[in-house]
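Only one structure is covered here, and it is reproduced in the block below.
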Amino acid sequence: MKIETQHIPADGMVLSFKEATESFSVLAELKDSGQCRIDDPINITVSILPEKEMFKVKGSISFTVRLACGRCLTDVAFCLSRRFTLRYSRQIPADVHRNDGTEVEVTADSIGLIYFQGDEIDLRHTIQEQVVMALPFRPLCREGCKGLCPRCGTDLNQERCACRVDHSDSPFEVLQQRHWPGNEQDRGS
Ligand SMILES: [Zn+2]
Ligand SMILES: [Zn+2]
């Protein structure tokens, strides 16, 4: 995943390759801890174009990850992909002037800039970061998954249970109809 800058032609180059999750420390850790199991390999395509003092890197990644549904805990495979554009620079660019003449402080974050030293661009960290950003924040096995009964743990997508919990989707209805402990009307029933 290291590219020697002297080998990048003036009109750019495109690379397609596959990498095992073991090549990325954070992804290997996630896999080992069982938090998410990214299936090998991660498919990566990047185009690299010299641009003044910088290199413009446009990339796309795709991979499959297995995660537990956030509601019913079923194991689900997600096919994920993500595109990104970043610029690699050997040095921090000088202040950029706006059209009206005022100076704008350029920070690395604001323009997707990554600094590198020496004669190599190492894509490992960038690709790992993109994979992590592509992961779903709250994975669901399906839109409207009914989840598990909070009392008996029955998977409500499969069957209904006998618990007196309203299984409707509206959280407000649940609040109104749930029989809270200590509710007078609920006693002795
Ligand atoms: Zn689910
Ligand atoms: Zn139940």
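Identifiers in this document derive from the order of the structure tokens: chains are assigned A, B, ..., residues are numbered from 1 separately in each chain, and ligands are numbered from 1 in order of occurrence.
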*Please, which residues of range 6-178 of chain A, numbered as in this document, come out helix (DSSP H, G or I) from DSSP, as an MDAnalysis selection string?*
chainID A and resid 6:7 21:23 25:32 124:134 171:177
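Around ligand 1, using only C-alpha atoms and all ligand atoms and a cut-off of 6 Å, the residues in contact are Cys69, Arg71, Cys72, Thr74, Leu140, Cys141, Cys145 and Gly147 of chain A.
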Just write the chosen residues, C-alpha atoms, as a CSV table (one decimal), in the first residue's frame.
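Saved file out.csv follows:
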```
chain,number,residue,atom,x,y,z
A,69,CYS,CA,-28.5,-6.5,14.4
A,71,ARG,CA,-32.4,-4.9,17.9
A,72,CYS,CA,-32.6,-8.7,17.5
A,74,THR,CA,-29.2,-11.7,14.4
A,140,LEU,CA,-30.4,-3.4,11.5
A,141,CYS,CA,-31.2,-6.8,9.9
A,145,CYS,CA,-37.0,-5.2,12.8
A,147,GLY,CA,-36.2,-6.8,18.1
```
*Enumerate as a list in words the residues within 7 Å of ligand 2, counting only C-alpha atoms and all ligand atoms.*
Cys149, Pro150, Arg151, Cys152, Gly153, Thr154, Cys161, Ala162 and Cys163 of chain A
*Contacts of range 119-128 of chain A at 6 Å (only C-alpha atoms; same-chain gap of 6+ positions) as a PyMOL selection string*: chain A and resi 1-5
Using C-alpha atoms, can you write the selected residues to a file as a PDB file, in the first residue's frame?
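So the final result, stored in result.pdb, reads:
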```pdb
ATOM      1  CA  MET A   1       0.000   0.000   0.000  1.00  0.00           C
ATOM      2  CA  LYS A   2       3.074   2.230  -0.281  1.00  0.00           C
ATOM      3  CA  ILE A   3       3.555   4.188  -3.471  1.00  0.00           C
ATOM      4  CA  GLU A   4       6.887   5.725  -4.390  1.00  0.00           C
ATOM      5  CA  THR A   5       6.157   9.220  -5.632  1.00  0.00           C
TER       6      THR A   5
END
```
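Nearest residue to Ile44 in chain A among A:Arg164, A:Phe63, A:Lys18, A:Cys79 is A:Lys18, counting only C-alpha atoms.
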